[in-house]
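*Asks:* Supplied structure: model.cif, mmCIF, C-alpha atoms and all ligand atoms.
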```cif
data_model
#
loop_
_atom_site.label_atom_id
_atom_site.label_comp_id
_atom_site.auth_asym_id
_atom_site.auth_seq_id
_atom_site.Cartn_x
_atom_site.Cartn_y
_atom_site.Cartn_z
CA MET A 1 -30.07 6.26 67.96
CA LEU A 2 -26.86 5.42 66.15
CA THR A 3 -24.07 4.30 68.46
CA SER A 4 -21.39 1.63 68.22
CA GLU A 5 -23.53 -0.58 70.46
CA THR A 6 -26.72 -0.22 68.43
CA VAL A 7 -24.85 -0.86 65.18
CA LYS A 8 -23.33 -4.05 66.62
CA ALA A 9 -26.68 -5.23 67.96
CA ARG A 10 -28.33 -4.71 64.57
CA ALA A 11 -25.41 -6.44 62.83
CA ARG A 12 -25.96 -9.49 65.01
CA GLU A 13 -29.67 -9.49 64.15
CA LEU A 14 -28.79 -9.42 60.46
CA GLY A 15 -26.64 -12.54 60.81
CA PHE A 16 -23.12 -11.13 61.06
CA ASP A 17 -20.86 -13.04 63.42
CA LEU A 18 -18.49 -10.17 64.15
CA CYS A 19 -18.81 -6.40 64.09
CA GLY A 20 -16.29 -3.79 65.15
CA ILE A 21 -15.62 -0.11 64.55
CA ALA A 22 -12.40 1.47 63.32
CA ALA A 23 -11.69 5.15 62.98
CA ALA A 24 -11.26 6.45 59.43
CA ALA A 25 -7.78 7.65 60.27
CA ASP A 26 -4.13 7.08 59.46
CA HIS A 27 -3.17 3.53 60.31
CA PRO A 28 0.50 2.60 60.19
CA ARG A 29 0.26 -0.41 57.86
CA LEU A 30 -1.99 1.13 55.20
CA PRO A 31 0.86 2.74 53.15
CA PHE A 32 2.68 -0.60 52.70
CA LEU A 33 0.34 -1.48 49.84
CA ARG A 34 2.25 0.85 47.50
CA GLU A 35 5.56 -0.84 48.30
CA TRP A 36 3.96 -4.26 47.92
CA ILE A 37 2.77 -3.38 44.44
CA ASP A 38 6.16 -1.86 43.53
CA ARG A 39 7.83 -5.12 44.52
CA GLY A 40 5.73 -6.80 41.80
CA TYR A 41 3.76 -8.98 44.19
CA ALA A 42 0.40 -7.99 42.65
CA GLY A 43 1.25 -9.51 39.28
CA GLU A 44 -1.57 -9.17 36.75
CA MET A 45 -3.90 -7.51 39.28
CA GLY A 46 -3.53 -4.10 37.67
CA TYR A 47 -6.67 -2.83 39.38
CA LEU A 48 -4.70 -2.76 42.64
CA ALA A 49 -2.04 -0.46 41.19
CA ARG A 50 -4.71 1.72 39.61
CA THR A 51 -6.50 2.18 42.94
CA ALA A 52 -3.49 2.14 45.29
CA GLU A 53 -3.79 5.79 46.31
CA ARG A 54 -7.46 5.40 47.19
CA ARG A 55 -6.75 2.16 49.02
CA ALA A 56 -4.25 3.97 51.26
CA ASP A 57 -7.04 5.77 53.13
CA VAL A 58 -10.82 5.34 53.08
CA ARG A 59 -11.14 9.12 53.23
CA ALA A 60 -9.81 9.19 49.68
CA VAL A 61 -12.85 7.08 48.74
CA MET A 62 -15.35 8.99 50.84
CA PRO A 63 -13.98 12.30 52.18
CA SER A 64 -16.69 12.54 54.83
CA ALA A 65 -15.80 9.12 56.31
CA ARG A 66 -15.16 9.19 60.06
CA SER A 67 -15.73 5.53 60.96
CA VAL A 68 -15.49 2.14 59.32
CA VAL A 69 -17.92 -0.52 60.50
CA VAL A 70 -16.26 -3.87 59.78
CA LEU A 71 -18.31 -7.06 59.64
CA GLY A 72 -17.21 -10.67 59.78
CA THR A 73 -19.22 -13.66 58.61
CA LEU A 74 -18.19 -17.23 59.31
CA TYR A 75 -18.35 -19.53 56.28
CA ASN A 76 -16.66 -22.65 57.61
CA THR A 77 -18.58 -25.88 57.09
CA ASP A 78 -18.07 -29.38 58.40
CA ARG A 79 -16.10 -30.81 55.48
CA PRO A 80 -12.48 -31.96 56.02
CA TYR A 81 -9.54 -29.71 55.28
CA SER A 82 -7.69 -30.25 52.00
CA THR A 83 -4.61 -31.22 54.00
CA GLU A 84 -6.64 -34.13 55.44
CA ILE A 85 -7.58 -35.43 52.00
CA GLY A 86 -4.91 -37.72 50.62
CA ASP A 87 -6.65 -38.53 47.35
CA PRO A 88 -4.96 -36.81 44.36
CA GLY A 89 -8.03 -37.56 42.24
CA GLU A 90 -10.24 -35.27 44.30
CA ALA A 91 -10.62 -31.67 43.13
CA LEU A 92 -9.59 -29.12 45.74
CA ILE A 93 -11.64 -25.93 45.79
CA SER A 94 -11.23 -23.11 48.28
CA ARG A 95 -13.75 -23.36 51.07
CA TYR A 96 -15.13 -19.86 50.50
CA ALA A 97 -16.27 -20.78 46.98
CA TRP A 98 -18.45 -23.78 47.86
CA GLY A 99 -21.67 -21.94 48.55
CA ASP A 100 -23.44 -18.92 47.13
CA ASP A 101 -21.50 -15.91 45.93
CA TYR A 102 -20.55 -13.95 49.05
CA HIS A 103 -20.69 -10.70 47.09
CA ASP A 104 -24.42 -11.22 46.57
CA VAL A 105 -25.31 -12.60 49.99
CA LEU A 106 -23.26 -10.18 52.04
CA GLY A 107 -23.96 -7.30 49.69
CA ALA A 108 -27.64 -7.58 50.61
CA ARG A 109 -26.97 -7.96 54.35
CA THR A 110 -24.41 -5.14 54.43
CA ASP A 111 -26.74 -2.84 52.49
CA ALA A 112 -29.51 -3.68 54.96
CA LEU A 113 -27.29 -2.58 57.86
CA SER A 114 -26.26 0.54 55.98
CA GLN A 115 -29.92 1.47 55.39
CA TRP A 116 -30.74 0.85 59.01
CA MET A 117 -27.84 3.14 60.04
CA ILE A 118 -29.16 5.91 57.80
CA GLN A 119 -32.67 5.56 59.24
CA SER A 120 -31.42 5.39 62.83
CA HIS A 121 -29.25 8.46 62.61
CA GLY A 122 -31.07 11.66 63.46
CA ALA A 123 -29.18 13.75 60.91
CA ALA A 124 -27.92 13.17 57.40
CA LEU A 125 -25.49 10.28 57.18
CA ASP A 126 -23.15 9.33 54.33
CA THR A 127 -22.48 5.63 54.02
CA ARG A 128 -20.79 3.42 51.52
CA ALA A 129 -20.88 -0.36 51.78
CA TYR A 130 -18.39 -2.79 50.27
CA VAL A 131 -17.98 -6.53 50.08
CA ASP A 132 -14.42 -7.30 49.02
CA THR A 133 -14.65 -5.37 45.77
CA GLY A 134 -14.19 -1.85 47.16
CA PRO A 135 -10.90 0.05 47.31
CA VAL A 136 -10.54 -0.66 51.02
CA GLN A 137 -7.82 -2.64 52.76
CA GLU A 138 -10.46 -4.44 54.74
CA LYS A 139 -8.22 -6.82 56.68
CA LEU A 140 -6.26 -3.92 58.14
CA TYR A 141 -9.46 -2.11 59.07
CA ALA A 142 -10.79 -5.34 60.56
CA GLU A 143 -7.71 -5.52 62.76
CA GLN A 144 -8.16 -1.88 63.74
CA ALA A 145 -11.80 -2.63 64.52
CA GLY A 146 -10.77 -5.37 66.94
CA LEU A 147 -12.12 -8.34 64.94
CA GLY A 148 -8.75 -10.06 65.24
CA TRP A 149 -5.30 -9.61 63.76
CA VAL A 150 -3.71 -10.02 60.36
CA GLY A 151 -1.58 -13.13 60.75
CA LYS A 152 1.68 -14.12 59.11
CA ASN A 153 -0.46 -15.80 56.44
CA THR A 154 -2.00 -12.34 55.70
CA CYS A 155 -5.48 -13.53 56.75
CA LEU A 156 -7.63 -11.88 59.37
CA ILE A 157 -7.72 -14.24 62.34
CA SER A 158 -10.33 -14.02 65.05
CA PRO A 159 -9.07 -15.55 68.30
CA ASP A 160 -12.53 -17.08 68.77
CA LEU A 161 -13.70 -17.94 65.25
CA GLY A 162 -10.48 -18.52 63.31
CA SER A 163 -9.96 -17.15 59.81
CA TRP A 164 -12.80 -18.66 57.74
CA LEU A 165 -14.42 -15.26 57.62
CA PHE A 166 -15.86 -13.08 54.92
CA LEU A 167 -15.30 -9.41 55.59
CA SER A 168 -17.49 -6.54 54.53
CA GLU A 169 -17.53 -2.93 55.66
CA ILE A 170 -19.51 0.28 55.77
CA LEU A 171 -17.78 3.65 55.63
CA CYS A 172 -19.86 6.20 57.48
CA SER A 173 -19.71 9.89 58.26
CA ALA A 174 -20.66 9.50 61.93
CA SER A 175 -17.89 9.43 64.54
CA LEU A 176 -18.70 6.17 66.27
CA VAL A 177 -16.67 5.02 69.26
CA ALA A 178 -13.88 2.85 67.86
CA ASP A 179 -12.84 -0.52 69.25
CA GLU A 180 -9.38 -1.42 70.47
CA PRO A 181 -7.28 -2.95 67.68
CA GLY A 182 -6.80 -6.72 67.71
CA LEU A 183 -3.57 -8.03 69.18
CA ASP A 184 -1.19 -10.12 67.10
CA GLN A 185 -1.28 -13.63 68.53
CA CYS A 186 0.94 -15.45 66.02
CA GLY A 187 3.87 -15.42 68.42
CA THR A 188 6.75 -17.62 67.28
CA CYS A 189 4.52 -19.85 65.14
CA THR A 190 5.55 -20.25 61.48
CA LEU A 191 3.27 -23.13 60.46
CA CYS A 192 1.63 -21.24 57.60
CA LEU A 193 4.93 -20.01 56.18
CA ASP A 194 6.40 -23.50 56.31
CA ALA A 195 3.34 -25.20 54.81
CA CYS A 196 2.91 -23.04 51.71
CA PRO A 197 3.64 -25.37 48.80
CA THR A 198 4.95 -22.60 46.56
CA GLY A 199 6.97 -20.51 49.00
CA ALA A 200 4.66 -17.56 48.44
CA PHE A 201 5.67 -15.70 51.61
CA PRO A 202 8.94 -13.78 51.07
CA GLU A 203 8.64 -12.70 54.69
CA PRO A 204 6.08 -13.18 57.47
CA GLY A 205 2.89 -11.29 56.72
CA VAL A 206 3.90 -10.50 53.14
CA LEU A 207 2.42 -12.50 50.28
CA ASP A 208 3.93 -12.60 46.82
CA ALA A 209 0.58 -13.15 45.13
CA THR A 210 2.22 -14.22 41.87
CA ARG A 211 3.47 -17.37 43.61
CA CYS A 212 0.19 -18.16 45.36
CA LEU A 213 -2.06 -20.93 44.02
CA SER A 214 -5.06 -18.67 44.47
CA TYR A 215 -3.52 -16.19 42.04
CA LEU A 216 -2.40 -18.87 39.60
CA THR A 217 -5.81 -20.59 39.47
CA ILE A 218 -8.04 -17.51 39.68
CA GLU A 219 -6.27 -14.31 38.65
CA THR A 220 -4.14 -15.70 35.81
CA LYS A 221 -6.19 -15.18 32.69
CA GLY A 222 -4.04 -16.88 30.08
CA ASP A 223 -1.64 -19.78 30.31
CA ILE A 224 -0.51 -20.89 33.72
CA PRO A 225 3.31 -20.79 33.45
CA GLY A 226 4.61 -24.29 32.81
CA SER A 227 7.01 -24.14 35.73
CA ASP A 228 4.11 -23.39 38.09
CA ARG A 229 1.77 -26.14 36.92
CA PRO A 230 3.16 -29.05 38.97
CA GLY A 231 2.78 -26.92 42.11
CA LEU A 232 -0.97 -26.72 41.59
CA SER A 233 -1.24 -30.43 42.46
CA ASN A 234 -5.01 -31.04 42.56
CA HIS A 235 -6.06 -27.47 43.40
CA ILE A 236 -8.49 -26.19 40.79
CA TYR A 237 -9.72 -23.01 42.47
CA GLY A 238 -7.71 -21.28 45.17
CA CYS A 239 -5.89 -22.86 48.07
CA ASP A 240 -6.56 -23.02 51.81
CA ILE A 241 -3.38 -24.64 53.10
CA CYS A 242 -1.95 -21.65 54.98
CA GLN A 243 -5.27 -21.28 56.78
CA GLU A 244 -5.83 -24.97 57.43
CA VAL A 245 -2.54 -25.37 59.29
CA CYS A 246 -3.19 -22.35 61.48
CA PRO A 247 -3.78 -23.45 65.09
CA TYR A 248 -6.59 -20.92 65.37
CA ASN A 249 -8.51 -22.90 62.74
CA HIS A 250 -8.16 -26.23 64.50
CA GLY A 251 -11.63 -27.02 65.74
CA ALA A 252 -12.92 -23.77 64.23
CA PRO A 253 -16.69 -23.33 64.54
CA VAL A 254 -18.89 -24.14 61.55
CA THR A 255 -21.92 -22.30 60.29
CA ASP A 256 -25.32 -23.82 59.55
CA ASP A 257 -26.28 -20.93 57.28
CA PRO A 258 -27.54 -22.71 54.16
CA VAL A 259 -25.96 -20.18 51.79
CA TRP A 260 -22.43 -21.32 52.69
CA GLN A 261 -23.05 -25.07 52.53
CA PRO A 262 -21.33 -26.77 49.59
CA ARG A 263 -23.41 -27.07 46.45
CA GLU A 264 -23.86 -30.68 45.45
CA ALA A 265 -21.75 -30.31 42.32
CA LEU A 266 -18.90 -28.73 44.30
CA ASP A 267 -19.07 -31.01 47.32
CA ARG A 268 -15.77 -32.89 47.10
CA PRO A 269 -16.02 -33.63 43.35
CA ARG A 270 -13.53 -35.85 41.58
CA LEU A 271 -11.36 -34.24 38.93
CA ALA A 272 -12.36 -36.81 36.32
CA GLU A 273 -16.01 -36.29 37.06
CA LEU A 274 -15.70 -32.52 36.66
CA TRP A 275 -13.74 -32.94 33.47
CA THR A 276 -16.36 -35.12 31.82
CA ARG A 277 -19.15 -32.63 32.48
CA SER A 278 -20.28 -30.51 29.58
CA ASP A 279 -19.59 -26.79 29.59
CA ALA A 280 -23.28 -26.18 30.24
CA GLU A 281 -23.19 -28.46 33.29
CA LEU A 282 -20.07 -26.76 34.61
CA ARG A 283 -21.68 -23.37 34.09
CA ASP A 284 -24.71 -24.50 36.07
CA ALA A 285 -22.47 -25.78 38.86
CA ILE A 286 -20.75 -22.44 39.36
CA ARG A 287 -23.62 -20.09 38.54
CA HIS A 288 -24.25 -17.55 41.33
CA GLY A 289 -21.12 -18.76 43.09
CA ALA A 290 -17.70 -17.19 43.58
CA MET A 291 -16.23 -19.51 40.96
CA MET A 292 -18.03 -17.63 38.20
CA ARG A 293 -15.00 -15.37 38.41
CA VAL A 294 -12.97 -17.82 36.32
CA ARG A 295 -15.80 -18.91 34.03
CA VAL A 296 -15.86 -22.34 32.49
CA LYS A 297 -12.86 -21.99 30.21
CA ARG A 298 -10.36 -21.21 32.94
CA LEU A 299 -11.96 -23.75 35.23
CA ARG A 300 -11.43 -26.41 32.60
CA ARG A 301 -7.83 -25.20 32.16
CA ASN A 302 -7.26 -25.68 35.88
CA VAL A 303 -8.92 -29.10 35.95
CA ALA A 304 -6.73 -30.23 33.05
CA VAL A 305 -3.57 -29.25 34.93
CA ALA A 306 -4.81 -30.94 38.11
CA LEU A 307 -5.62 -34.12 36.19
CA GLY A 308 -2.07 -34.13 34.82
CA ASN A 309 -0.69 -33.67 38.32
CA SER A 310 -2.89 -36.33 39.87
CA GLY A 311 -1.03 -39.12 38.10
CA THR A 312 -3.97 -41.51 38.26
CA ASP A 313 -5.32 -43.99 35.72
CA GLU A 314 -8.66 -42.26 36.19
CA ALA A 315 -7.08 -39.02 34.97
CA ALA A 316 -5.45 -40.72 32.01
CA SER A 317 -8.82 -42.19 31.00
CA ALA A 318 -10.56 -38.85 31.37
CA LEU A 319 -7.98 -37.11 29.21
CA ASP A 320 -7.82 -39.88 26.65
CA PRO A 321 -8.53 -38.28 23.24
CA ALA A 322 -11.46 -40.64 22.68
CA ALA A 323 -13.01 -39.60 25.98
CA ALA A 324 -12.23 -35.96 25.27
CA GLU A 325 -14.45 -36.09 22.23
CA ARG A 326 -17.32 -37.05 24.47
CA VAL A 327 -16.73 -34.20 26.89
CA ASP A 328 -18.14 -31.37 24.89
CA ALA A 329 -17.76 -30.43 21.27
CA GLY A 330 -15.28 -27.59 21.11
CA ALA A 331 -14.64 -27.35 24.85
CA VAL A 332 -11.37 -29.23 24.72
CA ASP A 333 -10.24 -27.66 21.44
CA GLU A 334 -10.45 -24.17 22.86
CA PRO A 335 -6.79 -22.96 22.60
CA LEU A 336 -6.36 -22.12 26.30
CA VAL A 337 -7.72 -25.50 27.33
CA ALA A 338 -6.03 -27.50 24.57
CA GLY A 339 -2.54 -26.33 25.53
CA HIS A 340 -3.02 -27.38 29.15
CA VAL A 341 -4.57 -30.69 28.11
CA ALA A 342 -1.51 -31.43 25.97
CA TRP A 343 0.72 -30.63 28.95
CA ALA A 344 -1.35 -32.86 31.23
CA ARG A 345 -1.32 -35.77 28.79
CA ALA A 346 2.46 -35.51 28.48
CA ARG A 347 2.82 -35.42 32.26
CA LEU A 348 0.62 -38.46 32.65
CA ALA A 349 2.56 -40.29 29.94
CA ASP A 350 5.78 -39.61 31.88
CA ARG A 351 4.49 -41.29 35.02
S1 LIG A 401 -3.13 -19.94 49.68
FE1 LIG A 401 -1.78 -21.74 49.36
S2 LIG A 401 -0.29 -21.11 47.80
FE2 LIG A 401 -1.29 -19.23 48.59
S3 LIG A 401 0.04 -18.52 50.21
FE3 LIG A 401 -1.48 -19.82 51.20
S4 LIG A 401 -0.55 -21.88 51.22
FE4 LIG A 401 0.62 -20.63 49.79
S1 LIG A 402 -0.19 -20.52 61.28
FE1 LIG A 402 0.80 -19.55 63.02
S2 LIG A 402 2.03 -17.90 62.14
FE2 LIG A 402 0.53 -18.52 60.61
S3 LIG A 402 -1.19 -17.14 60.88
FE3 LIG A 402 -1.63 -18.96 62.11
S4 LIG A 402 -0.80 -18.50 64.15
FE4 LIG A 402 0.05 -17.01 62.72
#
```
Once more with this new file: its structure as structure tokens, please.
*Replies:*
Amino acid sequence: MLTSETVKARARELGFDLCGIAAAADHPRLPFLREWIDRGYAGEMGYLARTAERRADVRAVMPSARSVVVLGTLYNTDRPYSTEIGDPGEALISRYAWGDDYHDVLGARTDALSQWMIQSHGAALDTRAYVDTGPVQEKLYAEQAGLGWVGKNTCLISPDLGSWLFLSEILCSASLVADEPGLDQCGTCTLCLDACPTGAFPEPGVLDATRCLSYLTIETKGDIPGSDRPGLSNHIYGCDICQEVCPYNHGAPVTDDPVWQPREALDRPRLAELWTRSDAELRDAIRHGAMMRVRVKRLRRNVAVALGNSGTDEAASALDPAAAERVDAGAVDEPLVAGHVAWARARLADR
């Protein structure tokens, strides 16, 4: 029989750490997305503007939707936070991208729950499952489903597990009993707003994505604007600072699920070491991981900028033209990469 309780029990069996139910209904913060886009905060992410109307209500995606089952999966591992690493020669990669691609892993688990729901329901049941890529404002639904609250850093924070959580969801046509929404527990804290190195929060709970290092290193397809490059410091894929400083992530639990453990090649690599890998080696390192999103060319672009920012002799050696020839024929001459290498060399020369 399909009830909120049986869905949650099955979700636990499938490995999800959190499961809650939200009603597919009007929620007060859903319409803000349109204003956020109109303010220009989405930058190059045109897909958000194109799907804004559908993102305003899951019933625009699936008219029969009555409930949203929201699932949380902890991905935190036992490695130190980037803010604890004082070495500018180390490459900083967002924690969520260290292991296997969450779209694949959670896609399979979420589909399994969706299939189980269909089989358990006595009558016909419409479902639609998403992992991040669907037109669903999943953090707001997660809050409505009682998984936690959307903090001033715009992340979903569980009072028990912190914010190192992947979210996925299943829209379904059954009216399941909804959970109480999560309560905002940020209080007077402003640690995340104060710690952001680029001032990406124009106001609490509102992110100007165009200023965020995650956007600059992942979403920006062409040149990273010159004025933004120093702010990348040694981040080559995403940024975790506004989560790391959050008190709810201090002593956050870690998972032993092997799929989220850092791959050897992405386990605290040095910038110079990444740079001197061939394109084929870099491709292998990110294959079936979230970092495939940027592909090798943009990854190398980001590493070049980070090497320039690191200011180390190691970086200068790695970017030395003689060494560059050894890196990979053509890899460094690629126009997107070459422009950032020239910038990095000039920055290192100015040390
Ligand atoms: S991820 Fe980094 S750059 Fe982006 S808002 Fe958070 S602290 Fe700022
Ligand atoms: S750092 Fe403080 S203000 Fe920011 S999300 Fe965490 S609790 Fe909220």
*Asks:* Do you have the atom CA of Asp126 of chain A-atom CA of Ala65 of chain A distance handy?
*Replies:*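 Atom CA of Asp126 of chain A sits 7.6 Å away from atom CA of Ala65 of chain A.
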*Asks:* Using only C-alpha atoms and all ligand atoms, which residue out of A:Gly15, A:Gly199, A:Pro63, A:Gly162 lies closest to ligand LIG 401 (chain A)?
*Replies:*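 Of A:Gly15, A:Gly199, A:Pro63, A:Gly162, the one nearest ligand LIG 401 (chain A) is A:Gly199, counting only C-alpha atoms and all ligand atoms.
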*Asks:* So that I can see what lies close to segment 147-157 of chain A, please list as a PDB file with C-alpha atoms, in the frame of the given file the residues with an atom at most 10 Å from it, counting all atoms listed in the file and leaving out residues fewer than 6 positions away in the same chain.
*Replies:*
```pdb
ATOM      1  CA  LEU A  18     -18.490 -10.170  64.150  1.00  0.00           C
ATOM      2  CA  CYS A  19     -18.810  -6.400  64.090  1.00  0.00           C
ATOM      3  CA  GLY A  20     -16.290  -3.790  65.150  1.00  0.00           C
ATOM      4  CA  ILE A  21     -15.620  -0.110  64.550  1.00  0.00           C
ATOM      5  CA  ALA A  22     -12.400   1.470  63.320  1.00  0.00           C
ATOM      6  CA  VAL A  70     -16.260  -3.870  59.780  1.00  0.00           C
ATOM      7  CA  LEU A  71     -18.310  -7.060  59.640  1.00  0.00           C
ATOM      8  CA  GLY A  72     -17.210 -10.670  59.780  1.00  0.00           C
ATOM      9  CA  GLU A 138     -10.460  -4.440  54.740  1.00  0.00           C
ATOM     10  CA  LYS A 139      -8.220  -6.820  56.680  1.00  0.00           C
ATOM     11  CA  LEU A 140      -6.260  -3.920  58.140  1.00  0.00           C
ATOM     12  CA  TYR A 141      -9.460  -2.110  59.070  1.00  0.00           C
ATOM     13  CA  SER A 163      -9.960 -17.150  59.810  1.00  0.00           C
ATOM     14  CA  TRP A 164     -12.800 -18.660  57.740  1.00  0.00           C
ATOM     15  CA  LEU A 165     -14.420 -15.260  57.620  1.00  0.00           C
ATOM     16  CA  PHE A 166     -15.860 -13.080  54.920  1.00  0.00           C
ATOM     17  CA  LEU A 167     -15.300  -9.410  55.590  1.00  0.00           C
ATOM     18  CA  ASP A 179     -12.840  -0.520  69.250  1.00  0.00           C
ATOM     19  CA  GLU A 180      -9.380  -1.420  70.470  1.00  0.00           C
ATOM     20  CA  PRO A 181      -7.280  -2.950  67.680  1.00  0.00           C
ATOM     21  CA  GLY A 182      -6.800  -6.720  67.710  1.00  0.00           C
ATOM     22  CA  LEU A 183      -3.570  -8.030  69.180  1.00  0.00           C
ATOM     23  CA  ASP A 184      -1.190 -10.120  67.100  1.00  0.00           C
ATOM     24  CA  GLN A 185      -1.280 -13.630  68.530  1.00  0.00           C
ATOM     25  CA  CYS A 186       0.940 -15.450  66.020  1.00  0.00           C
ATOM     26  CA  GLY A 187       3.870 -15.420  68.420  1.00  0.00           C
ATOM     27  CA  CYS A 189       4.520 -19.850  65.140  1.00  0.00           C
ATOM     28  CA  THR A 190       5.550 -20.250  61.480  1.00  0.00           C
ATOM     29  CA  LEU A 191       3.270 -23.130  60.460  1.00  0.00           C
ATOM     30  CA  CYS A 192       1.630 -21.240  57.600  1.00  0.00           C
ATOM     31  CA  LEU A 193       4.930 -20.010  56.180  1.00  0.00           C
ATOM     32  CA  CYS A 196       2.910 -23.040  51.710  1.00  0.00           C
ATOM     33  CA  ALA A 200       4.660 -17.560  48.440  1.00  0.00           C
ATOM     34  CA  PHE A 201       5.670 -15.700  51.610  1.00  0.00           C
ATOM     35  CA  GLU A 203       8.640 -12.700  54.690  1.00  0.00           C
ATOM     36  CA  PRO A 204       6.080 -13.180  57.470  1.00  0.00           C
ATOM     37  CA  GLY A 205       2.890 -11.290  56.720  1.00  0.00           C
ATOM     38  CA  VAL A 206       3.900 -10.500  53.140  1.00  0.00           C
ATOM     39  CA  LEU A 207       2.420 -12.500  50.280  1.00  0.00           C
ATOM     40  CA  ILE A 241      -3.380 -24.640  53.100  1.00  0.00           C
ATOM     41  CA  CYS A 242      -1.950 -21.650  54.980  1.00  0.00           C
ATOM     42  CA  GLN A 243      -5.270 -21.280  56.780  1.00  0.00           C
ATOM     43  CA  CYS A 246      -3.190 -22.350  61.480  1.00  0.00           C
ATOM     44  CA  TYR A 248      -6.590 -20.920  65.370  1.00  0.00           C
ATOM     45  CA  ASN A 249      -8.510 -22.900  62.740  1.00  0.00           C
TER      46      ASN A 249
END
```
*Asks:* Smallest atom-to-atom distance to Ser168 of chain A: which of A:Val296, A:Met1, A:Val68, A:Leu92, using all atoms listed in the file?
*Replies:* A:Val68
*Asks:* Can you pull out the residues contacting segment 103-113 of chain A? Cut-off 9 Å, using only C-alpha atoms, and skip same-chain residues under 6 positions away; I want them as a ChimeraX atom specification.
*Replies:* /A:7,10-11,14-16,71,73,128-133,166-170,259,288-290
*Asks:* With distances taken over all atoms listed in the file, which residue among A:Lys221, A:Arg211, A:Arg277, A:Lys8 lies nearest Ala323 of chain A?
*Replies:*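 For Ala323 of chain A, the nearest of the candidates is A:Arg277.
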*Asks:* Have a look at A:Ala272, A:Ala338, A:Leu319, A:Ile218 and name the one nearest to ligand LIG 401 (chain A); count all atoms listed in the file.
*Replies:*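 Under the stated criterion, the closest residue is A:Ile218.
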*Asks:* My list of candidates is A:Ser4, A:Pro262, A:Glu281, A:Asp57. Which is closest to Ala145 of chain A when distances are computed with only C-alpha atoms?
*Replies:* A:Ser4
*Asks:* Pick the closest to Leu299 of chain A from A:Val332, A:Ile85, A:Ile236, A:Val69: which is it, counting only C-alpha atoms?
*Replies:*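 That would be A:Ile236, the residue with the smallest distance to Leu299 of chain A.
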*Asks:* Could you list as a list in words every residue that has an atom within 8 Å of (-6.9, -37.9, 43.8), using the file's coordinates and counting all atoms listed in the file?
*Replies:*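 Applying the cut-off with all atoms listed in the file, one gets Gly86, Asp87, Pro88, Gly89, Glu90, Ala91, Asn234, Arg270, Leu271, Ser310 and Thr312 of chain A.
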*Asks:* For Thr210 of chain A, find every residue with an atom within 8 Å (counting only C-alpha atoms), except residues of its own chain fewer than 4 positions away, and show them as a list in words.
*Replies:*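 Once the adjacent positions are removed, what remains is Tyr41, Ala42, Gly43, Ala200, Tyr215 and Leu216 of chain A.
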*Asks:* May I have the residues from that selection written out with C-alpha atoms, as an mmCIF file, keeping the file's coordinate frame?
*Replies:*
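What follows is the written file again-v1.cif:
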```cif
data_model
loop_
_atom_site.group_PDB
_atom_site.id
_atom_site.type_symbol
_atom_site.label_atom_id
_atom_site.label_comp_id
_atom_site.auth_asym_id
_atom_site.auth_seq_id
_atom_site.Cartn_x
_atom_site.Cartn_y
_atom_site.Cartn_z
ATOM 1 C CA TYR A 41 3.760 -8.980 44.190
ATOM 2 C CA ALA A 42 0.400 -7.990 42.650
ATOM 3 C CA GLY A 43 1.250 -9.510 39.280
ATOM 4 C CA ALA A 200 4.660 -17.560 48.440
ATOM 5 C CA TYR A 215 -3.520 -16.190 42.040
ATOM 6 C CA LEU A 216 -2.400 -18.870 39.600
#
```
*Asks:* Counting only C-alpha atoms, what is within 9 Å of segment 51-56 of chain A, bar same-chain residues fewer than 6 positions away, as a list in words?
*Replies:*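 Here the qualifying residues turn out to be Asp26, Leu30, Pro31, Phe32, Leu33, Arg34, Ile37, Gly134, Pro135, Val136 and Gln137 of chain A.
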*Asks:* Report the distance between atom CA of Arg229 of chain A and atom CA of Asp328 of chain A in Å, rounded to one decimal place.
*Replies:*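 Taking atom CA of Arg229 of chain A and atom CA of Asp328 of chain A, their separation equals 23.8 Å.
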*Asks:* Just the number, please: distance in Å from atom FE3 of ligand LIG 402 (chain A) to atom CA of Gly40 of chain A, one decimal.
*Replies:*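 Taking atom FE3 of ligand LIG 402 (chain A) as the start and atom CA of Gly40 of chain A as the end point, the length is 24.8 Å.
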*Asks:* List the spatial neighbours of Ala331 of chain A as a ChimeraX atom specification - criterion: any atom at most 12 Å away, all atoms listed in the file, same-chain residues fewer than 3 positions off excluded.
*Replies:* /A:275-280,282,296-301,304,324-328,334-338,341
*Asks:* Just add N, CA and C atoms to segment 250-255 of chain A and send it as a short mmCIF file (atom, residue, chain, number, x, y, z; two decimals), in the frame of the given file.
*Replies:*
```
data_model
loop_
_atom_site.label_atom_id
_atom_site.label_comp_id
_atom_site.auth_asym_id
_atom_site.auth_seq_id
_atom_site.Cartn_x
_atom_site.Cartn_y
_atom_site.Cartn_z
N HIS A 250 -7.96 -24.85 64.06
CA HIS A 250 -8.16 -26.23 64.50
C HIS A 250 -9.39 -26.26 65.41
N GLY A 251 -10.38 -27.01 64.98
CA GLY A 251 -11.63 -27.02 65.74
C GLY A 251 -12.42 -25.74 65.57
N ALA A 252 -12.19 -25.03 64.47
CA ALA A 252 -12.92 -23.77 64.23
C ALA A 252 -14.42 -24.05 64.14
N PRO A 253 -15.25 -23.12 64.62
CA PRO A 253 -16.69 -23.33 64.54
C PRO A 253 -17.17 -23.39 63.09
N VAL A 254 -18.29 -24.06 62.89
CA VAL A 254 -18.89 -24.14 61.55
C VAL A 254 -20.23 -23.41 61.58
N THR A 255 -20.65 -23.00 60.40
CA THR A 255 -21.92 -22.30 60.29
C THR A 255 -22.99 -23.25 59.73
#
```
